[in-house]
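Novice: Contents of entry-v3.cif (mmCIF, C-alpha atoms):
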```cif
data_entry
loop_
_atom_site.label_atom_id
_atom_site.label_comp_id
_atom_site.auth_asym_id
_atom_site.auth_seq_id
_atom_site.Cartn_x
_atom_site.Cartn_y
_atom_site.Cartn_z
CA ALA U 8 0.00 0.00 0.00
CA GLN U 9 1.11 3.53 -0.68
CA SER U 10 1.83 5.69 2.33
CA VAL U 11 3.73 8.74 3.50
CA THR U 12 5.10 9.10 7.01
CA GLN U 13 6.48 12.27 8.51
CA LEU U 14 8.37 10.92 11.45
CA ASP U 15 8.18 13.99 13.69
CA SER U 16 5.04 15.92 14.42
CA HIS U 17 7.06 18.74 15.98
CA VAL U 18 10.69 19.84 15.60
CA SER U 19 12.26 22.64 17.63
CA VAL U 20 15.57 24.25 16.73
CA SER U 21 17.48 27.37 17.62
CA GLU U 22 18.06 30.09 15.08
CA GLY U 23 21.25 29.41 13.14
CA THR U 24 21.26 25.66 13.75
CA PRO U 25 20.52 22.96 11.14
CA VAL U 26 17.02 21.75 10.36
CA LEU U 27 16.08 18.16 9.58
CA LEU U 28 12.49 17.19 8.80
CA ARG U 29 12.04 13.53 8.03
CA CYS U 30 9.77 11.88 5.48
CA ASN U 31 9.51 8.23 4.51
CA TYR U 32 7.26 6.73 1.89
CA SER U 33 6.08 3.30 0.89
CA SER U 34 5.35 2.57 -2.75
CA SER U 35 5.72 -0.06 -5.42
CA TYR U 36 5.71 2.72 -8.00
CA SER U 37 8.51 5.22 -8.54
CA PRO U 38 6.91 8.32 -7.08
CA SER U 39 7.30 12.04 -7.43
CA LEU U 40 7.93 13.75 -4.11
CA PHE U 41 7.35 17.28 -2.92
CA TRP U 42 7.85 19.38 0.17
CA TYR U 43 5.45 22.21 0.90
CA VAL U 44 5.44 24.85 3.63
CA GLN U 45 2.33 26.36 5.19
CA HIS U 46 2.30 29.50 7.30
CA PRO U 47 -0.70 30.12 9.60
CA ASN U 48 -3.97 30.66 7.75
CA LYS U 49 -2.25 30.42 4.39
CA GLY U 50 -2.18 27.96 1.55
CA LEU U 51 0.75 25.70 0.82
CA GLN U 52 3.86 26.92 -0.93
CA LEU U 53 6.11 24.58 -2.88
CA LEU U 54 9.62 24.33 -1.44
CA LEU U 55 11.05 21.72 -3.80
CA LYS U 56 10.27 18.60 -5.80
CA TYR U 57 11.95 15.37 -6.81
CA THR U 58 11.06 13.95 -10.19
CA SER U 59 13.66 11.23 -10.89
CA ALA U 60 16.42 13.56 -12.00
CA ALA U 61 19.13 14.48 -9.47
CA THR U 62 18.66 12.81 -6.09
CA LEU U 63 19.73 15.96 -4.22
CA VAL U 64 17.16 18.62 -4.84
CA LYS U 65 17.62 22.27 -4.01
CA GLY U 66 14.61 24.39 -3.22
CA ILE U 67 13.73 27.88 -2.19
CA ASN U 68 14.83 29.66 1.00
CA GLY U 69 17.94 27.50 1.37
CA PHE U 70 16.09 24.20 1.78
CA GLU U 71 17.17 21.01 0.10
CA ALA U 72 16.15 17.36 0.19
CA GLU U 73 17.80 14.12 -0.76
CA PHE U 74 15.94 11.24 -2.32
CA LYS U 75 17.27 7.91 -1.05
CA LYS U 76 15.58 5.04 -2.81
CA SER U 77 17.23 2.36 -0.65
CA GLU U 78 15.84 4.02 2.46
CA THR U 79 12.60 5.19 0.82
CA SER U 80 13.23 8.58 2.34
CA PHE U 81 13.04 12.20 1.26
CA HIS U 82 14.25 14.22 4.24
CA LEU U 83 14.19 18.01 4.15
CA THR U 84 17.21 19.92 5.45
CA LYS U 85 18.48 23.44 5.86
CA PRO U 86 21.95 24.30 7.17
CA SER U 87 20.90 27.28 9.26
CA ALA U 88 17.39 27.95 10.54
CA HIS U 89 15.86 31.40 10.42
CA MET U 90 13.01 32.66 12.54
CA SER U 91 10.88 33.02 9.43
CA ASP U 92 11.18 29.26 8.79
CA ALA U 93 8.78 28.56 11.66
CA ALA U 94 5.78 26.97 9.94
CA GLU U 95 4.09 23.69 9.10
CA TYR U 96 5.84 21.46 6.57
CA PHE U 97 4.18 18.78 4.48
CA CYS U 98 5.77 15.95 2.57
CA VAL U 99 3.59 15.03 -0.42
CA VAL U 100 3.96 12.04 -2.69
CA SER U 101 2.40 11.47 -6.08
CA PHE U 102 1.82 7.80 -6.76
CA ASN U 103 0.54 7.68 -10.31
CA GLN U 104 1.59 8.96 -13.72
CA ALA U 105 -1.33 11.36 -13.98
CA GLY U 106 -0.49 12.90 -10.65
CA THR U 107 -4.00 12.45 -9.34
CA ALA U 108 -3.07 10.00 -6.56
CA LEU U 109 -1.51 12.32 -4.03
CA ILE U 110 -0.88 11.50 -0.41
CA PHE U 111 -0.08 14.19 2.11
CA GLY U 112 1.99 13.53 5.18
CA LYS U 113 0.49 14.60 8.49
CA GLY U 114 2.80 17.55 8.71
CA THR U 115 5.69 18.65 10.91
CA THR U 116 5.53 21.85 12.91
CA LEU U 117 8.89 23.60 12.92
CA SER U 118 9.55 25.97 15.80
CA VAL U 119 12.58 28.26 15.75
CA SER U 120 13.76 29.96 18.90
CA SER U 121 16.13 32.89 19.15
CA GLY R 8 3.90 32.43 -12.58
CA ALA R 9 1.36 29.72 -11.67
CA VAL R 10 -0.64 31.76 -9.19
CA VAL R 11 -3.86 30.46 -7.69
CA SER R 12 -6.18 33.01 -6.12
CA GLN R 13 -8.82 31.99 -3.61
CA HIS R 14 -11.63 34.22 -2.42
CA PRO R 15 -12.77 35.05 0.17
CA SER R 16 -9.94 34.53 2.63
CA TRP R 17 -12.40 34.30 5.49
CA VAL R 18 -16.14 34.23 5.88
CA ILE R 19 -18.55 34.05 8.80
CA CYS R 20 -22.07 32.90 8.10
CA LYS R 21 -25.15 31.83 9.98
CA SER R 22 -26.25 28.25 10.21
CA GLY R 23 -28.48 27.27 7.32
CA THR R 24 -27.05 29.69 4.80
CA SER R 25 -24.87 28.84 1.81
CA VAL R 26 -21.37 30.07 1.13
CA LYS R 27 -19.51 30.14 -2.17
CA ILE R 28 -15.73 29.99 -2.38
CA GLU R 29 -13.93 30.84 -5.61
CA CYS R 30 -10.65 29.45 -6.87
CA ARG R 31 -9.01 31.06 -9.87
CA SER R 32 -5.85 30.25 -11.77
CA LEU R 33 -4.55 33.70 -12.63
CA ASP R 34 -1.91 33.08 -15.25
CA PHE R 35 -2.57 29.59 -16.50
CA GLN R 36 -5.42 27.34 -17.51
CA ALA R 37 -6.34 24.52 -15.20
CA THR R 38 -8.50 21.71 -16.50
CA THR R 39 -8.35 20.16 -13.07
CA MET R 40 -8.55 21.79 -9.67
CA PHE R 41 -8.61 20.17 -6.28
CA TRP R 42 -10.52 21.11 -3.13
CA TYR R 43 -9.20 20.29 0.31
CA ARG R 44 -10.40 20.69 3.84
CA GLN R 45 -8.01 21.16 6.72
CA PHE R 46 -8.86 20.80 10.39
CA PRO R 47 -6.71 22.52 13.03
CA LYS R 48 -3.27 20.99 13.42
CA GLN R 49 -4.01 18.40 10.76
CA SER R 50 -3.03 17.65 7.21
CA LEU R 51 -5.09 18.39 4.13
CA MET R 52 -7.97 16.11 3.29
CA LEU R 53 -8.89 15.90 -0.38
CA MET R 54 -12.60 16.53 -0.79
CA ALA R 55 -13.03 16.46 -4.53
CA THR R 56 -11.40 16.87 -7.91
CA SER R 57 -12.98 19.54 -10.04
CA ASN R 58 -12.94 18.93 -13.80
CA GLU R 59 -13.64 21.69 -16.29
CA GLY R 60 -16.80 21.01 -18.23
CA SER R 61 -17.76 17.88 -16.34
CA LYS R 62 -18.89 16.69 -12.96
CA ALA R 63 -16.55 16.77 -10.03
CA THR R 64 -15.16 13.58 -8.58
CA TYR R 65 -15.82 13.37 -4.86
CA GLU R 66 -13.81 11.44 -2.32
CA GLN R 67 -15.48 8.79 -0.25
CA GLY R 68 -17.46 10.25 2.59
CA VAL R 69 -17.83 13.72 1.09
CA GLU R 70 -21.44 14.73 0.50
CA LYS R 71 -21.97 15.84 -3.10
CA ASP R 72 -25.15 17.72 -2.29
CA LYS R 73 -23.51 19.47 0.61
CA PHE R 74 -20.39 20.61 -1.18
CA LEU R 75 -21.33 21.70 -4.69
CA ILE R 76 -18.47 22.15 -7.10
CA ASN R 77 -18.70 23.96 -10.40
CA HIS R 78 -15.78 24.24 -12.81
CA ALA R 79 -17.32 26.42 -15.47
CA SER R 80 -14.15 27.66 -17.14
CA LEU R 81 -10.48 26.79 -17.43
CA THR R 82 -9.59 29.39 -14.81
CA LEU R 83 -12.40 29.17 -12.27
CA SER R 84 -13.74 26.53 -9.92
CA THR R 85 -16.22 27.24 -7.16
CA LEU R 86 -17.10 25.35 -4.00
CA THR R 87 -20.48 26.08 -2.46
CA VAL R 88 -21.14 24.87 1.05
CA THR R 89 -24.91 24.52 1.13
CA SER R 90 -27.01 24.85 4.26
CA ALA R 91 -23.89 25.31 6.32
CA HIS R 92 -23.73 24.06 9.89
CA PRO R 93 -21.19 24.70 12.63
CA GLU R 94 -19.50 21.37 11.91
CA ASP R 95 -18.68 22.68 8.43
CA SER R 96 -16.45 25.31 10.00
CA SER R 97 -12.99 24.64 8.68
CA PHE R 98 -10.16 25.87 6.46
CA TYR R 99 -10.83 25.14 2.80
CA ILE R 100 -7.98 25.20 0.28
CA CYS R 101 -7.99 24.80 -3.48
CA SER R 102 -5.12 23.86 -5.74
CA ALA R 103 -4.39 23.48 -9.41
CA ARG R 104 -1.67 22.16 -11.67
CA TRP R 105 0.02 24.30 -14.25
CA GLU R 106 0.60 21.21 -16.37
CA ALA R 107 -0.57 17.62 -16.24
CA GLY R 108 1.42 14.71 -14.90
CA SER R 109 2.83 13.51 -11.61
CA ASN R 110 5.96 15.64 -11.96
CA SER R 111 4.01 18.86 -11.97
CA PRO R 112 3.56 20.36 -8.49
CA LEU R 113 0.30 21.68 -7.17
CA HIS R 114 -0.14 25.41 -6.72
CA PHE R 115 -2.35 26.32 -3.80
CA GLY R 116 -4.66 29.16 -3.04
CA ASN R 117 -4.29 30.93 0.30
CA GLY R 118 -7.29 29.16 1.73
CA THR R 119 -10.66 30.25 3.08
CA ARG R 120 -11.46 30.18 6.78
CA LEU R 121 -15.17 29.37 7.12
CA THR R 122 -16.87 29.92 10.45
CA VAL R 123 -20.51 28.94 10.78
CA THR R 124 -22.32 30.37 13.79
#
```
Just give me the structure of the file as C-alpha cells.

Specialist:
Amino acid sequence: AQSVTQLDSHVSVSEGTPVLLRCNYSSSYSPSLFWYVQHPNKGLQLLLKYTSAATLVKGINGFEAEFKKSETSFHLTKPSAHMSDAAEYFCVVSFNQAGTALIFGKGTTLSVSS
Amino acid sequence: GAVVSQHPSWVICKSGTSVKIECRSLDFQATTMFWYRQFPKQSLMLMATSNEGSKATYEQGVEKDKFLINHASLTLSTLTVTSAHPEDSSFYICSARWEAGSNSPLHFGNGTRLTVT
C-alpha cells in the first residue's frame, strides 16, 4: 500500500542551527515527491520537488532534500534555521503517472527559537 | 507564474445559509482543480477533484449535495457549502496544476477560513 510518514510531528531548533524534517514513503511505483510549507492561515507553498532527476534537490529559502531510494526517504534539510522558517511542513507524494493520486503527510511543525 | 487566487480569505455565516468559495488560476489554464479541507493541526484532506466542463469527482465520505463544485471555465472553480452548519467550519484550500502529470507540483490558493455560527 502507498503511504507517507512524517516521522516527527514537531521539531524545535534554535536560530542558526541545522534543520532536519524527516519523510519516509512506501510505494511499489517510482513516485514524485514534494515538500510544501504552510504558514498560519495560508495555503501551501512549494519548497522543492523530486522527479527522478538528481537525487539531491535544491529548493527555495535554502532548503534542500535528498531522495534515497534504498531508504525510501526524502528528508528536508536546511543548514541554518531562520526565525521566518517557523511553519508547518508537508511531505507530499504522487503515486501515479497522472499525478492524481496524491498523499499528504500529516505535517511537521517547525519551531525556531532565538 | 502559476498563481492560484482563492476568495474570500475568510467568511462568517449563519447556520443554514450557503457560502460560495472561488478558486481562480490567474496566469494559467487549469483543467483540473482540487478542493481540500483542513482541520486545526491536521493535514489536508482531499474533498473532490474539479474537472472543467464535467462533474466533479468526490472522495469517499464527502457529500456531493452538501459541497457543490462547479468548474465552469479553465480558470475558475467554485465550491459552495450549502445549508452550512457549525461542523462545516474549517479551512478550505484549493489547488491546481500548471501542467498535467505527476511531476508537476500543485499550486495552492491561500485558503478560506469558514466559520458557521

Novice: For the interface of chain R with chain U (cut-off 8 Å, counting only C-alpha atoms), please tabulate each contacting residue of chain R alongside its nearest pair of atoms and their separation in Å to one decimal, rows sorted by chain and increasing number, as CSV.

Specialist:
```
residue,atom,partner,partner_atom,distance
R:Gln49,CA,U:Lys113,CA,6.3
R:Ser50,CA,U:Lys113,CA,4.8
R:Leu51,CA,U:Phe111,CA,6.8
R:Phe98,CA,U:Asn48,CA,7.9
R:Ile100,CA,U:Gly50,CA,6.5
R:Ala107,CA,U:Ala105,CA,6.7
R:Gly108,CA,U:Ala105,CA,4.4
R:Ser109,CA,U:Gly106,CA,3.5
R:Asn110,CA,U:Thr58,CA,5.7
R:Ser111,CA,U:Gly106,CA,7.6
R:Pro112,CA,U:Phe41,CA,7.4
R:Leu113,CA,U:Leu53,CA,7.8
R:His114,CA,U:Gln52,CA,7.2
R:Phe115,CA,U:Leu51,CA,5.6
R:Gly116,CA,U:Gly50,CA,5.4
R:Asn117,CA,U:Gly50,CA,3.9
R:Gly118,CA,U:Gly50,CA,5.3
R:Arg120,CA,U:Asn48,CA,7.6
```

Novice: Please evaluate the PyMOL selection byres ((chain R and resi 85-87) around 8) against the structure above and give the resulting residues as a list in words.

Specialist: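 In the shown coordinates, the PyMOL selection byres ((chain R and resi 85-87) around 8) covers Ser25, Val26, Lys27, Ile28, Glu29, Cys30, Trp42, Lys73, Phe74, Leu75, Ile76, Asn77, His78, Leu83, Ser84, Val88 and Thr89 of chain R.
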
Novice: Check which residues satisfy the PyMOL selection byres ((chain U and resi 11) around 6) in the file shown, then give them as a PDB file with C-alpha atoms, keeping the file's coordinate frame.

Specialist:
```
ATOM      1  CA  SER U  10       1.830   5.690   2.330  1.00  0.00           C
ATOM      2  CA  THR U  12       5.100   9.100   7.010  1.00  0.00           C
ATOM      3  CA  ASN U  31       9.510   8.230   4.510  1.00  0.00           C
ATOM      4  CA  TYR U  32       7.260   6.730   1.890  1.00  0.00           C
ATOM      5  CA  GLY U 112       1.990  13.530   5.180  1.00  0.00           C
TER       6      GLY U 112
END
```

Novice: Report the residues retrieved by the PyMOL selection byres ((chain U and resi 86) around 10) from the displayed file, expressed as number ranges by chain.

Specialist: U: 23-27, 69-71, 84-85, 87-89

Novice: Report the distance between atom CA of U:Ser34 and atom CA of U:Glu78 in Å, rounded to one decimal place.

Specialist: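 We find that atom CA of U:Ser34 and atom CA of U:Glu78 lie 11.8 Å from each other.
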
Novice: Under the rule that only C-alpha atoms are counted, which of R:Ala55, R:Ala91, R:Thr124, R:Arg104 is the nearest residue to R:Gly23?

Specialist: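 Under the stated criterion, the closest residue is R:Ala91.
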
Novice: Taking only C-alpha atoms into account, name the residue in R:Cys20, R:Cys101, R:Val11, R:Ala37 that is nearest to R:Thr119.

Specialist: R:Cys101

Novice: In Å, rounded to a single decimal, give me how far atom CA of U:Leu54 is from atom CA of R:Ala9.

Specialist: 14.2 Å

Novice: Hey, what's within 8 Å of U:Asp92 if we count all atoms listed in the file and toss same-chain stuff fewer than 2 positions away? As number ranges by chain, please?

Specialist: U: 88-90, 94, 117-119

Novice: I'd like the interatomic distance between atom CA of R:Ala103 and atom CA of R:Leu33, to a tenth of an Å.

Specialist: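 Going from atom CA of R:Ala103 over to atom CA of R:Leu33, I get 10.7 Å.
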
Novice: Rank R:Leu53, R:Gly60, R:Thr24, R:Ser102 by their smallest atom-to-atom distance to R:Leu81, using all atoms listed in the file, and report the top residue only.

Specialist: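 Between R:Leu53, R:Gly60, R:Thr24, R:Ser102, the residue approaching R:Leu81 most closely is R:Gly60.
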
Novice: Hey, which of U:Ala93, U:Leu28, U:Val18, U:Ala8 ends up closest to U:Glu73? Count only C-alpha atoms.

Specialist: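 Ranked by minimum distance to U:Glu73, first place goes to U:Leu28.
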
Novice: Ranking R:Ser22, R:Thr64, R:Gln36, R:Ser80 by minimum distance to R:Glu94 and counting only C-alpha atoms, which one comes first?

Specialist: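 Distance minimum relative to R:Glu94 lands on R:Ser22.
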
Novice: Between R:Thr122, R:Gln67, R:Asn58, R:Thr38, which one has atoms that come closest to R:Lys21, using only C-alpha atoms?

Specialist: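 Distance minimum relative to R:Lys21 lands on R:Thr122.
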
Novice: Centre and edge lengths, as JSON, for the axis-aligned box enclosing every listed atom of stretch 66-72 of chain R with 3 Å of padding on each of the six sides, in Å to one decimal?

Specialist:
```
{"center_x": -19.5, "center_y": 13.3, "center_z": -0.3, "size_x": 17.3, "size_y": 14.9, "size_z": 11.7}
```

Novice: Excluding U:Gln13 and any residue of its chain fewer than 2 positions from it, enumerate the residues within 6 Å of it, using all atoms listed in the file, and give them as a PDB file with C-alpha atoms, keeping the file's coordinate frame.

Specialist:
```pdb
ATOM      1  CA  ASP U  15       8.180  13.990  13.690  1.00  0.00           C
ATOM      2  CA  ARG U  29      12.040  13.530   8.030  1.00  0.00           C
ATOM      3  CA  CYS U  30       9.770  11.880   5.480  1.00  0.00           C
ATOM      4  CA  GLY U 112       1.990  13.530   5.180  1.00  0.00           C
TER       5      GLY U 112
END
```
